[in-house]
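Beneath this line is the structure, given in structure tokens, with notes to follow.
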Amino acid sequence: MTMSNYDKLGLLRDLLQNQSVEQYMSTDEAEQIERLLSNLVTEIHFSPSIQQSLQEMQQVHKINHDPFEKEFVDQWLNVISE
């Protein structure tokens, strides 16, 4: 069964929330985030603010697979949760 974009965005939000709390990202979580971002960043039905946040996450993630900085995660979570 395929996941809807809403479900994928929810999974991404859950991964970001977990990472924000634990300040840790496993290899599996990093790979999952990479797959989700690759898929979601091409979605044209999202608002411009969500698209921008997804692109920012993808750029930061490509550079570094370490946990995202908390300030970025909090900002992205606010946008995704709107």
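The way I read the labels, and the way they are meant: chains A, B, ... in the order of the structure tokens, residue 1 as the first residue of every chain, and ligand 1 as the first ligand shown, with later ones counted on from there.
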Would you kindly return, as a compact mmCIF listing (two decimals) with C-alpha atoms, in the first residue's frame, each protein, DNA or RNA residue with an atom no farther than 9 Å from any atom of range 3-12 of chain A, considering only C-alpha atoms and excluding same-chain residues fewer than 2 positions away?
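Below you can see selection.txt, which holds the result:
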# COMPACT_ATOMS: atom_id res chain seq x y z
CA MET A 1 0.00 0.00 0.00
CA ASP A 14 7.50 12.37 13.60
CA LEU A 15 11.15 11.74 12.65
CA LEU A 16 12.00 15.42 13.14
CA GLN A 17 10.22 15.57 16.50
CA GLN A 32 14.28 7.47 5.73
CA ILE A 33 14.46 11.27 5.86
CA LEU A 36 10.94 11.18 2.18
CA LEU A 37 12.53 14.48 1.20
CA ASN A 39 9.80 12.25 -2.79
CA LEU A 40 8.09 15.20 -1.10
CA GLU A 43 5.13 17.59 -4.76
CA ILE A 80 4.86 21.46 8.50
CA SER A 81 2.31 21.51 11.32
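When only C-alpha atoms are used to measure the gap to Arg35 in chain A, the shortest distance among A:Val73, A:Phe68, A:Lys62, A:Ser20 belongs to A:Lys62.
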* as a count of residues only, list the residues of range 31-73 of chain A assigned to alpha helix (DSSP H) by DSSP on the backbone atoms of this structure. => 30
* To do: Could you check how far CA of Ile63 in chain A sits from CA of Glu82 in chain A, in Å to one decimal?
  => 26.8 Å
Write out as a compact mmCIF listing (two decimals) with N, CA and C atoms, in the first residue's frame each polymer residue whose atoms come within 9 Å of Gln55 in chain A, counting only C-alpha atoms; drop sequence neighbours fewer than 5 positions from it.
# COMPACT_ATOMS: atom_id res chain seq x y z
N LEU A 37 12.28 13.17 1.78
CA LEU A 37 12.53 14.48 1.20
C LEU A 37 12.63 14.40 -0.32
N VAL A 41 9.77 16.72 -2.00
CA VAL A 41 10.22 18.00 -2.54
C VAL A 41 9.67 18.24 -3.95
N ILE A 50 5.86 25.27 2.87
CA ILE A 50 6.23 23.86 3.08
C ILE A 50 7.27 23.45 2.04
N VAL A 60 20.36 20.85 3.67
CA VAL A 60 21.12 20.63 4.89
C VAL A 60 21.46 19.15 5.04
* **A:Ser53, A:Thr2, A:Asn64, A:Gln58 ranked by distance to Leu77 in chain A, top pick (using only C-alpha atoms)** =>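 For Leu77 in chain A, the nearest of the given residues is A:Ser53.
From CA of Asp66 in chain A back to CA of Met25 in chain A, the distance works out to 6.6 Å.
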* Point-to-point distance in Å for CA of Pro67 in chain A and CA of Tyr24 in chain A ->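 Answer for the CA of Tyr24 in chain A to CA of Pro67 in chain A separation: 5.6 Å.
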